$ cat work-v3.txt   # compact mmCIF, C-alpha atoms
# COMPACT_ATOMS: atom_id res chain seq x y z
CA MET A 173 -19.51 -1.81 -8.91
CA GLU A 174 -21.85 -0.18 -11.43
CA ARG A 175 -22.38 3.43 -12.42
CA ILE A 176 -24.74 5.04 -9.93
CA GLU A 177 -28.40 4.68 -10.74
CA ILE A 178 -30.05 7.37 -8.67
CA ASP A 179 -33.37 5.66 -7.88
CA GLY A 180 -31.65 2.45 -6.84
CA VAL A 181 -29.30 4.26 -4.49
CA GLN A 182 -32.10 6.41 -3.02
CA GLU A 183 -34.10 3.29 -2.25
CA ALA A 184 -31.08 1.59 -0.66
CA LEU A 185 -30.30 4.65 1.47
CA GLU A 186 -33.85 4.65 2.81
CA ARG A 187 -33.62 1.00 3.75
CA PHE A 188 -30.84 1.85 6.24
CA ALA A 189 -32.66 4.87 7.73
CA HIS A 190 -33.87 4.78 11.35
CA LYS A 191 -31.48 1.92 12.13
CA ASP A 192 -28.17 1.78 13.97
CA VAL A 193 -25.72 1.45 11.09
CA TYR A 194 -21.96 1.44 10.61
CA ILE A 195 -20.40 3.98 8.27
CA HIS A 196 -17.15 4.01 6.35
CA LEU A 197 -16.45 7.48 4.95
CA GLU A 198 -13.23 8.33 3.19
CA THR A 199 -11.58 10.74 0.85
CA THR A 200 -8.01 10.63 -0.45
CA ASN A 201 -5.71 11.93 -3.14
CA GLY A 202 -3.08 9.32 -2.35
CA ALA A 203 0.11 9.38 -0.35
CA TYR A 204 2.23 10.45 -3.31
CA ALA A 205 0.41 13.63 -4.45
CA ARG A 206 3.19 15.88 -3.21
CA HIS A 207 5.92 13.45 -4.30
CA PHE A 208 4.78 13.78 -7.91
CA ASP A 209 3.85 17.49 -7.78
CA SER A 210 5.65 19.76 -5.33
CA ASN A 211 2.76 22.24 -5.48
CA ALA A 212 0.23 19.63 -4.38
CA TYR A 213 -0.75 18.61 -0.87
CA ASN A 214 -1.51 15.18 0.48
CA VAL A 215 -5.06 15.36 1.78
CA GLY A 216 -7.22 12.58 3.09
CA ALA A 217 -9.53 11.54 5.89
CA PHE A 218 -11.34 8.38 6.83
CA ILE A 219 -13.62 7.17 9.54
CA ARG A 220 -14.38 3.46 9.75
CA ASN A 221 -17.18 1.87 11.73
CA ALA A 222 -18.71 5.07 13.06
CA GLN A 223 -22.07 4.02 14.47
CA VAL A 224 -24.88 6.37 13.50
CA ARG A 225 -28.61 6.51 13.01
CA TYR A 226 -29.92 8.77 10.28
CA THR A 227 -33.46 9.96 9.81
CA GLN A 228 -33.27 11.33 6.30
CA ALA A 229 -31.12 10.54 3.26
CA LYS A 230 -30.86 12.01 -0.19
CA ILE A 231 -28.73 11.54 -3.29
CA VAL A 232 -28.40 14.49 -5.69
CA GLY A 233 -26.50 15.08 -8.93
CA HIS A 234 -25.91 13.61 -12.34
CA GLU A 235 -22.83 11.67 -13.51
CA SER A 236 -21.17 12.51 -10.20
CA TYR A 237 -23.32 12.53 -7.08
CA ARG A 238 -23.59 14.00 -3.58
CA ILE A 239 -25.17 12.26 -0.64
CA GLY A 240 -26.35 13.81 2.60
CA LEU A 241 -27.47 11.80 5.61
CA LYS A 242 -29.25 13.78 8.34
CA THR A 243 -28.57 12.46 11.82
CA GLU A 244 -30.03 13.47 15.16
CA ASN A 245 -27.12 15.82 15.88
CA GLY A 246 -25.66 16.64 12.50
CA TRP A 247 -24.88 15.52 8.97
CA ILE A 248 -22.81 13.05 7.00
CA TYR A 249 -21.82 14.27 3.54
CA ALA A 250 -19.94 12.89 0.56
CA GLU A 251 -19.31 14.41 -2.86
CA GLY A 252 -17.96 12.91 -6.08
CA LEU A 253 -19.62 9.48 -5.91
CA THR A 254 -19.85 7.70 -9.25
CA ASP A 255 -20.29 3.96 -8.61
CA TRP A 256 -22.27 1.71 -6.31
CA GLU A 257 -23.15 -1.84 -5.38
CA ILE A 258 -24.99 -3.84 -2.76
CA ASP A 259 -22.40 -6.45 -1.83
CA LYS A 260 -22.97 -10.06 -0.78
CA HIS A 261 -23.18 -8.95 2.88
CA ASP A 262 -26.05 -6.57 2.02
CA ARG A 263 -23.86 -3.51 2.53
CA LEU A 264 -24.32 -0.39 0.43
CA LEU A 265 -20.91 0.49 -1.08
CA MET A 266 -20.46 3.73 -2.99
CA ALA A 267 -17.31 5.32 -4.36
CA GLY A 268 -16.07 7.98 -6.72
CA HIS A 269 -13.27 7.05 -9.14
CA ASP A 270 -11.06 9.18 -11.36
CA VAL A 271 -10.53 8.41 -15.07
CA GLU A 272 -7.80 5.91 -14.19
CA GLY A 273 -10.09 4.00 -11.83
CA ARG A 274 -8.49 5.30 -8.64
CA LEU A 275 -10.70 5.79 -5.63
CA MET A 276 -11.16 9.43 -4.61
CA VAL A 277 -14.04 9.18 -2.17
CA SER A 278 -16.12 6.42 -0.63
CA LEU A 279 -19.21 6.13 1.52
CA GLU A 280 -20.35 2.73 2.76
CA ILE A 281 -23.26 1.77 5.01
CA SER A 282 -23.73 -1.53 6.79
CA GLU A 283 -25.85 -3.02 9.59
CA THR A 284 -22.80 -4.99 10.80
CA PRO A 285 -19.29 -3.63 11.45
CA PHE A 286 -16.82 -3.54 8.56
CA ASP A 287 -13.72 -5.78 8.94
CA MET B 300 26.05 -11.79 -2.45
CA ASP B 301 27.55 -13.36 0.64
CA GLN B 302 24.41 -13.73 2.81
CA GLN B 303 22.92 -16.62 4.80
CA HIS B 304 19.32 -15.44 5.06
CA VAL B 305 17.72 -12.18 3.95
CA VAL B 306 14.63 -10.66 5.58
CA ILE B 307 12.62 -7.96 3.78
CA ILE B 308 10.49 -5.69 6.04
CA LEU B 309 8.12 -3.42 4.09
CA PRO B 310 4.54 -2.30 4.76
CA HIS B 311 2.59 -2.82 1.53
CA PRO B 312 2.12 -5.62 -0.97
CA ASP B 313 4.05 -4.32 -4.05
CA ASP B 314 6.70 -2.34 -2.09
CA GLU B 315 8.98 -5.35 -2.56
CA ALA B 316 8.23 -5.56 -6.29
CA PHE B 317 9.27 -2.04 -7.27
CA GLY B 318 12.00 -1.51 -4.69
CA CYS B 319 14.03 -4.67 -4.39
CA SER B 320 12.65 -7.62 -6.37
CA GLY B 321 15.70 -7.72 -8.68
CA THR B 322 17.98 -8.00 -5.66
CA ILE B 323 15.74 -10.69 -4.15
CA LEU B 324 15.74 -12.65 -7.43
CA GLU B 325 19.55 -12.57 -7.45
CA TYR B 326 19.69 -13.95 -3.91
CA ARG B 327 17.28 -16.72 -4.80
CA LYS B 328 19.35 -17.66 -7.87
CA ASN B 329 22.20 -18.16 -5.44
CA ASN B 330 19.95 -20.29 -3.21
CA ILE B 331 19.99 -17.78 -0.36
CA PRO B 332 16.72 -17.99 1.62
CA VAL B 333 14.61 -14.84 1.68
CA THR B 334 11.65 -14.10 3.98
CA TYR B 335 9.28 -11.19 3.44
CA LEU B 336 7.60 -9.66 6.49
CA CYS B 337 4.80 -7.63 4.91
CA GLY B 338 3.25 -5.13 7.32
CA THR B 339 -0.26 -4.61 5.93
CA LEU B 340 -2.50 -5.74 3.09
CA GLY B 341 -2.61 -2.26 1.57
CA GLU B 342 -6.27 -2.12 2.61
CA MET B 343 -6.52 1.63 1.93
CA GLY B 344 -4.91 1.67 -1.50
CA ARG B 345 -6.67 3.90 -3.99
CA ASN B 346 -5.75 1.87 -7.08
CA MET B 347 -8.66 -0.50 -7.68
CA GLY B 348 -7.40 -1.88 -10.99
CA SER B 349 -7.53 -0.13 -14.35
CA PRO B 350 -10.33 -0.44 -15.36
CA PHE B 351 -11.22 -0.95 -11.71
CA PHE B 352 -12.36 -4.35 -10.50
CA ALA B 353 -11.86 -4.01 -6.72
CA ASN B 354 -13.69 -1.97 -4.12
CA ARG B 355 -12.67 -0.83 -0.63
CA GLU B 356 -14.05 -4.01 0.94
CA THR B 357 -12.74 -6.56 -1.57
CA LEU B 358 -9.31 -4.95 -1.96
CA PRO B 359 -7.61 -6.62 1.06
CA GLU B 360 -8.36 -10.17 -0.16
CA ILE B 361 -7.37 -9.26 -3.72
CA ARG B 362 -4.06 -7.74 -2.60
CA LYS B 363 -3.38 -10.70 -0.31
CA LYS B 364 -3.70 -13.06 -3.28
CA GLU B 365 -1.51 -10.77 -5.42
CA LEU B 366 1.10 -10.72 -2.64
CA GLN B 367 1.08 -14.50 -2.45
CA ASP B 368 1.45 -14.72 -6.23
CA ALA B 369 4.35 -12.25 -6.19
CA CYS B 370 6.09 -14.25 -3.45
CA LYS B 371 5.61 -17.40 -5.52
CA ALA B 372 7.23 -15.64 -8.50
CA LEU B 373 10.07 -14.53 -6.21
CA ASP B 374 10.27 -18.00 -4.64
CA ILE B 375 10.39 -16.56 -1.09
CA ASP B 376 8.65 -17.17 2.25
CA LEU B 377 5.97 -14.74 3.30
CA GLN B 378 4.77 -13.68 6.74
CA MET B 379 1.93 -11.18 6.91
CA LEU B 380 2.20 -9.02 10.03
CA GLY B 381 -1.46 -8.01 10.21
CA TYR B 382 -1.19 -4.24 10.67
CA ARG B 383 -3.60 -1.92 8.90
CA ASP B 384 -2.67 0.29 5.97
CA LYS B 385 -2.19 3.99 6.85
CA THR B 386 -2.14 3.33 10.61
CA LEU B 387 1.41 2.00 11.16
CA GLU B 388 2.77 5.38 12.25
CA PHE B 389 0.15 5.55 15.01
CA GLU B 390 0.98 2.15 16.49
CA ASP B 391 3.36 2.03 19.46
CA ARG B 392 6.76 1.89 17.75
CA GLY B 393 8.32 -0.09 20.60
CA GLU B 394 5.61 -2.74 20.33
CA VAL B 395 6.05 -3.07 16.58
CA ALA B 396 9.83 -3.28 17.10
CA GLU B 397 9.40 -6.06 19.68
CA HIS B 398 7.10 -7.92 17.30
CA LEU B 399 9.72 -7.69 14.53
CA LYS B 400 12.57 -8.53 16.90
CA SER B 401 10.91 -11.76 18.00
CA ILE B 402 10.63 -12.85 14.35
CA LEU B 403 14.20 -11.78 13.53
CA GLU B 404 15.58 -13.68 16.53
CA ASP B 405 13.79 -16.73 15.25
CA ILE B 406 15.06 -16.41 11.65
CA GLN B 407 18.54 -15.02 12.51
CA PRO B 408 19.06 -13.31 9.16
CA SER B 409 22.40 -11.93 8.00
CA LEU B 410 20.69 -9.02 6.19
CA VAL B 411 17.51 -6.98 6.70
CA ILE B 412 16.19 -4.76 3.91
CA THR B 413 13.68 -2.05 4.87
CA PHE B 414 12.78 1.59 4.15
CA TYR B 415 15.01 4.51 5.20
CA PRO B 416 12.97 6.36 7.86
CA GLY B 417 12.43 9.98 6.92
CA HIS B 418 13.35 9.29 3.28
CA ALA B 419 10.61 6.89 2.28
CA VAL B 420 7.82 9.35 1.25
CA HIS B 421 4.83 7.32 2.52
CA PRO B 422 4.17 7.53 6.30
CA ASP B 423 3.77 3.73 6.50
CA HIS B 424 7.17 3.31 4.80
CA ASP B 425 8.85 5.64 7.29
CA ALA B 426 7.16 3.96 10.26
CA MET B 427 7.94 0.42 9.12
CA GLY B 428 11.59 1.33 8.48
CA ALA B 429 11.92 3.02 11.87
CA ALA B 430 10.41 0.02 13.68
CA ALA B 431 12.62 -2.44 11.75
CA ILE B 432 15.76 -0.48 12.59
CA LYS B 433 14.71 -0.23 16.24
CA ALA B 434 14.14 -4.00 16.27
CA VAL B 435 17.66 -4.70 14.99
CA GLU B 436 19.11 -2.11 17.37
CA ARG B 437 17.56 -3.99 20.29
CA MET B 438 19.20 -7.28 19.22
CA ASP B 439 22.41 -8.57 20.71
CA PRO B 440 25.13 -6.62 18.82
CA ASP B 441 27.05 -9.85 18.21
CA HIS B 442 24.10 -11.34 16.33
CA ARG B 443 22.75 -8.28 14.57
CA PRO B 444 22.08 -8.56 10.85
CA GLU B 445 23.24 -5.82 8.51
CA VAL B 446 20.49 -3.36 7.59
CA TRP B 447 20.12 -1.95 4.10
CA ALA B 448 17.68 0.97 3.95
CA LYS B 449 15.80 2.04 0.85
CA ALA B 450 15.40 5.82 0.33
CA ILE B 451 13.00 7.08 -2.35
CA THR B 452 12.82 10.84 -1.77
CA HIS B 453 13.80 13.04 -4.73
CA ASN B 454 16.59 14.67 -2.69
CA ARG B 455 18.05 11.46 -1.21
CA HIS B 456 21.44 11.74 -2.89
CA GLU B 457 21.76 15.36 -1.83
CA MET B 458 20.80 14.61 1.76
CA LEU B 459 22.30 11.18 2.33
CA GLY B 460 25.12 11.01 -0.20
CA GLU B 461 25.58 8.29 -2.77
CA PRO B 462 24.00 4.94 -1.82
CA ASP B 463 26.33 2.25 -0.46
CA VAL B 464 24.82 -0.48 -2.63
CA VAL B 465 23.62 -0.06 -6.22
CA ASN B 466 22.48 -3.31 -7.80
CA ASP B 467 22.09 -3.30 -11.56
CA VAL B 468 19.32 -5.90 -11.94
CA LYS B 469 19.25 -5.81 -15.75
CA ASP B 470 19.64 -9.61 -15.94
CA GLN B 471 16.58 -10.08 -13.70
CA PHE B 472 14.53 -7.43 -15.47
CA GLU B 473 11.94 -9.68 -17.16
CA ASP B 474 11.38 -11.62 -13.92
CA LYS B 475 11.16 -8.37 -11.96
CA MET B 476 8.42 -7.19 -14.34
CA LYS B 477 6.54 -10.44 -13.66
CA VAL B 478 6.69 -9.76 -9.92
CA ILE B 479 5.34 -6.23 -10.47
CA GLU B 480 2.61 -7.62 -12.75
CA ALA B 481 1.53 -10.04 -10.01
CA HIS B 482 0.22 -6.94 -8.19
CA ARG B 483 -2.37 -6.51 -10.88
CA SER B 484 -4.77 -4.18 -9.04
CA GLN B 485 -1.95 -1.76 -8.26
CA ALA B 486 0.34 -1.95 -11.27
CA GLU B 487 -1.75 -2.64 -14.35
CA GLY B 488 -2.71 0.95 -15.18
CA MET B 489 0.79 2.28 -14.63
CA LEU B 490 2.42 -0.60 -16.50
CA SER B 491 0.28 -0.38 -19.59
CA LYS B 492 1.16 3.31 -19.87
CA PHE B 493 4.84 2.60 -19.26
CA ARG B 494 5.00 -0.27 -21.78
CA ASN B 495 3.58 2.03 -24.46
CA SER B 496 5.98 4.86 -23.67
CA PRO B 497 9.12 5.42 -25.77
CA GLU B 498 11.14 4.97 -22.56
CA PHE B 499 10.23 1.32 -22.23
CA GLY B 500 12.92 -1.00 -23.53
CA ASP B 501 15.58 1.71 -23.47
CA MET B 502 17.61 0.50 -20.49
CA ASP B 503 19.15 3.94 -20.02
CA SER B 504 15.94 6.01 -19.99
CA GLU B 505 14.96 7.61 -16.68
CA GLY B 506 11.91 5.41 -16.19
CA MET B 507 13.86 2.21 -16.84
CA LYS B 508 16.79 3.29 -14.68
CA MET B 509 14.46 3.62 -11.70
CA LEU B 510 13.55 -0.07 -12.02
CA ARG B 511 16.96 -1.25 -13.19
CA TYR B 512 19.15 0.12 -10.39
CA GLU B 513 18.15 -0.88 -6.86
CA GLU B 514 19.84 1.41 -4.34
CA PHE B 515 20.37 0.90 -0.63
CA TYR B 516 22.07 2.72 2.21
CA LYS B 517 23.84 0.58 4.81
CA TRP B 518 22.57 1.56 8.25
CA ASP B 519 25.31 2.53 10.69
CA PHE B 520 24.39 1.52 14.25
CA ASN B 521 27.46 3.18 15.72
CA SER B 522 26.74 6.75 14.69

$ encode --input "work-v3.txt" --output "structure tokens"
Amino acid sequence: MERIEIDGVQEALERFAHKDVYIHLETTNGAYARHFDSNAYNVGAFIRNAQVRYTQAKIVGHESYRIGLKTENGWIYAEGLTDWEIDKHDRLLMAGHDVEGRLMVSLEISETPFD
Amino acid sequence: MDQQHVVIILPHPDDEAFGCSGTILEYRKNNIPVTYLCGTLGEMGRNMGSPFFANRETLPEIRKKELQDACKALDIDLQMLGYRDKTLEFEDRGEVAEHLKSILEDIQPSLVITFYPGHAVHPDHDAMGAAAIKAVERMDPDHRPEVWAKAITHNRHEMLGEPDVVNDVKDQFEDKMKVIEAHRSQAEGMLSKFRNSPEFGDMDSEGMKMLRYEEFYKWDFNS
């Protein structure tokens, strides 16, 4: 993955618009947050292979980015994205990493289901 | 050390490295066969290497290779069970137990090492331990292996008493570190910090003690 380059990502997002696509959306602070800090909470959510069609997409921010995808009935939103790549299967992979390289959030878009 | 065949049942590649690789290495030195039933590929891990080199989609293949390398360093057989990281607790526990039981009946181990359900911190650890114990419980009592359960909660000694088995794996320490290092994507960041800390090398420091002493509770099927 490379640091997000806003024009590149915007262009990639638009390529997937108006198509039935599969989404992986995830956020996590790990399963050990509370184990290492009794005042912390384990929080996370993921959805894998949600099939959606979005009509509008935008990336906003600098250094760390937000993405909003407008669908027929609602929105898909991710915050804290820092890195991106188009992988060898032509999927758009985006993620936000902390200073130690740990994944905090990810948003991925593909025309075929994820494994 | 008097075992015929040892089966390790844990959910994530690297659980074996931190928790019981010293014990495994000792068994292998004594030519006792060891088989690792690894539940998932740790597909949802958040460590991507430090600096990161994996992403959510490449991580499973990377961790699979690391797991195979670790098992080579441990000189043990590996069976990957094919469950998905973070979802084990939502699978039907009876089905997972039957799956494990069929493998155990085939191997006929004298000892099973798994996580202590309710004292294993990560939901996959708890679920894997519970399914493993249920699997052994469903076996013919005359042919049941012993079960040693690994507890990692902070209050385990308070809640469960002193562990029944405490292996000082000091003599295996360098090889244990190699097994941990095989899980590069998961361990590298943590290890480089640890190796540079004043604790490292002091066998009696808290950090070293955690790796040096491998504790287990013997599961009592009669209570």

$ residues_around --input "work-v3.txt" --residues "range 304-320 of chain B" --least-positions-apart "3" --cutoff "7 Å" --atoms "only C-alpha atoms" --output "PyMOL selection string"
chain B and resi 323-324+331-341+362+366+408-414+423-424+427+431+475+478-479+482+510+513

$ residues_around --input "work-v3.txt" --residues "range 448-455 of chain B" --least-positions-apart "4" --cutoff "9 Å" --atoms "only C-alpha atoms" --output "ChimeraX atom specification"
/A:207 /B:318-319,411-420,428,432,459-462,513-518

$ interface_residues --input "work-v3.txt" --of "chain B" --to "chain A" --cutoff "12 Å" --atoms "all atoms listed in the file" --output "count of residues only"
42

$ atom_distance --input "work-v3.txt" --atom1 "CA of Tyr213 in chain A" --atom2 "CA of Leu253 in chain A"
21.6 Å

$ residues_around --input "work-v3.txt" --residues "range 224-235 of chain A" --least-positions-apart "6" --cutoff "8 Å" --atoms "all atoms listed in the file" --output "PyMOL selection string"
chain A and resi 176+178+181-182+185-186+189-195+241-244+254

$ atom_distance --input "work-v3.txt" --atom1 "CA of Gly268 in chain A" --atom2 "CA of Glu177 in chain A"
13.4 Å

$ closest_residue --input "work-v3.txt" --among "B:Asp301, B:Ala426, B:Cys370, B:Glu365" --to "Tyr382 in chain B" --atoms "all atoms listed in the file"
B:Ala426

$ atom_distance --input "work-v3.txt" --atom1 "CA of His442 in chain B" --atom2 "CA of Ser522 in chain B"
18.4 Å

$ residues_around --input "work-v3.txt" --residues "Tyr512 in chain B" --least-positions-apart "5" --cutoff "9 Å" --atoms "all atoms listed in the file" --output "ChimeraX atom specification"
/B:321,465-469,507

$ closest_residue --input "work-v3.txt" --among "B:Phe499, B:Leu377, B:Ala434, B:Ala429" --to "Leu399 in chain B" --atoms "all atoms listed in the file"
B:Ala434

$ closest_residue --input "work-v3.txt" --among "A:Ser236, A:Leu197, A:Phe188, A:Ser282" --to "Ala217 in chain A" --atoms "all atoms listed in the file"
A:Leu197

$ build_atoms --input "work-v3.txt" --residues "range 199-218 of chain A" --atoms "N, CA and C atoms" --output "mmCIF file, in the coordinates of the input"
data_model
loop_
_atom_site.group_PDB
_atom_site.id
_atom_site.type_symbol
_atom_site.label_atom_id
_atom_site.label_comp_id
_atom_site.auth_asym_id
_atom_site.auth_seq_id
_atom_site.Cartn_x
_atom_site.Cartn_y
_atom_site.Cartn_z
ATOM 1 N N THR A 199 -12.008 10.042 2.054
ATOM 2 C CA THR A 199 -11.580 10.740 0.850
ATOM 3 C C THR A 199 -10.055 10.754 0.831
ATOM 4 N N THR A 200 -9.472 10.695 -0.352
ATOM 5 C CA THR A 200 -8.010 10.630 -0.450
ATOM 6 C C THR A 200 -7.533 11.092 -1.822
ATOM 7 N N ASN A 201 -6.361 11.704 -1.843
ATOM 8 C CA ASN A 201 -5.710 11.930 -3.140
ATOM 9 C C ASN A 201 -4.383 11.177 -3.193
ATOM 10 N N GLY A 202 -4.258 10.182 -2.311
ATOM 11 C CA GLY A 202 -3.080 9.320 -2.350
ATOM 12 C C GLY A 202 -1.932 9.872 -1.544
ATOM 13 N N ALA A 203 -1.011 8.996 -1.210
ATOM 14 C CA ALA A 203 0.110 9.380 -0.350
ATOM 15 C C ALA A 203 1.268 9.979 -1.150
ATOM 16 N N TYR A 204 1.112 10.001 -2.474
ATOM 17 C CA TYR A 204 2.230 10.450 -3.310
ATOM 18 C C TYR A 204 1.940 11.755 -4.047
ATOM 19 N N ALA A 205 0.811 12.419 -3.704
ATOM 20 C CA ALA A 205 0.410 13.630 -4.450
ATOM 21 C C ALA A 205 1.560 14.636 -4.466
ATOM 22 N N ARG A 206 2.133 14.880 -3.296
ATOM 23 C CA ARG A 206 3.190 15.880 -3.210
ATOM 24 C C ARG A 206 4.510 15.371 -3.819
ATOM 25 N N HIS A 207 4.700 14.051 -3.748
ATOM 26 C CA HIS A 207 5.920 13.450 -4.300
ATOM 27 C C HIS A 207 5.983 13.693 -5.813
ATOM 28 N N PHE A 208 4.818 13.621 -6.455
ATOM 29 C CA PHE A 208 4.780 13.780 -7.910
ATOM 30 C C PHE A 208 4.554 15.215 -8.356
ATOM 31 N N ASP A 209 4.106 16.080 -7.436
ATOM 32 C CA ASP A 209 3.850 17.490 -7.780
ATOM 33 C C ASP A 209 4.127 18.318 -6.534
ATOM 34 N N SER A 210 5.226 19.060 -6.553
ATOM 35 C CA SER A 210 5.650 19.760 -5.330
ATOM 36 C C SER A 210 4.682 20.867 -4.925
ATOM 37 N N ASN A 211 3.756 21.240 -5.841
ATOM 38 C CA ASN A 211 2.760 22.240 -5.480
ATOM 39 C C ASN A 211 1.500 21.626 -4.891
ATOM 40 N N ALA A 212 1.439 20.308 -4.867
ATOM 41 C CA ALA A 212 0.230 19.630 -4.380
ATOM 42 C C ALA A 212 0.373 19.320 -2.885
ATOM 43 N N TYR A 213 -0.751 19.000 -2.281
ATOM 44 C CA TYR A 213 -0.750 18.610 -0.870
ATOM 45 C C TYR A 213 -1.377 17.230 -0.748
ATOM 46 N N ASN A 214 -0.852 16.446 0.159
ATOM 47 C CA ASN A 214 -1.510 15.180 0.480
ATOM 48 C C ASN A 214 -2.681 15.494 1.396
ATOM 49 N N VAL A 215 -3.877 15.123 0.974
ATOM 50 C CA VAL A 215 -5.060 15.360 1.780
ATOM 51 C C VAL A 215 -5.892 14.104 1.829
ATOM 52 N N GLY A 216 -6.362 13.749 2.991
ATOM 53 C CA GLY A 216 -7.220 12.580 3.090
ATOM 54 C C GLY A 216 -7.827 12.505 4.475
ATOM 55 N N ALA A 217 -8.920 11.771 4.587
ATOM 56 C CA ALA A 217 -9.530 11.540 5.890
ATOM 57 C C ALA A 217 -10.338 10.264 5.777
ATOM 58 N N PHE A 218 -10.369 9.472 6.837
ATOM 59 C CA PHE A 218 -11.340 8.380 6.830
ATOM 60 C C PHE A 218 -11.849 8.126 8.228
#
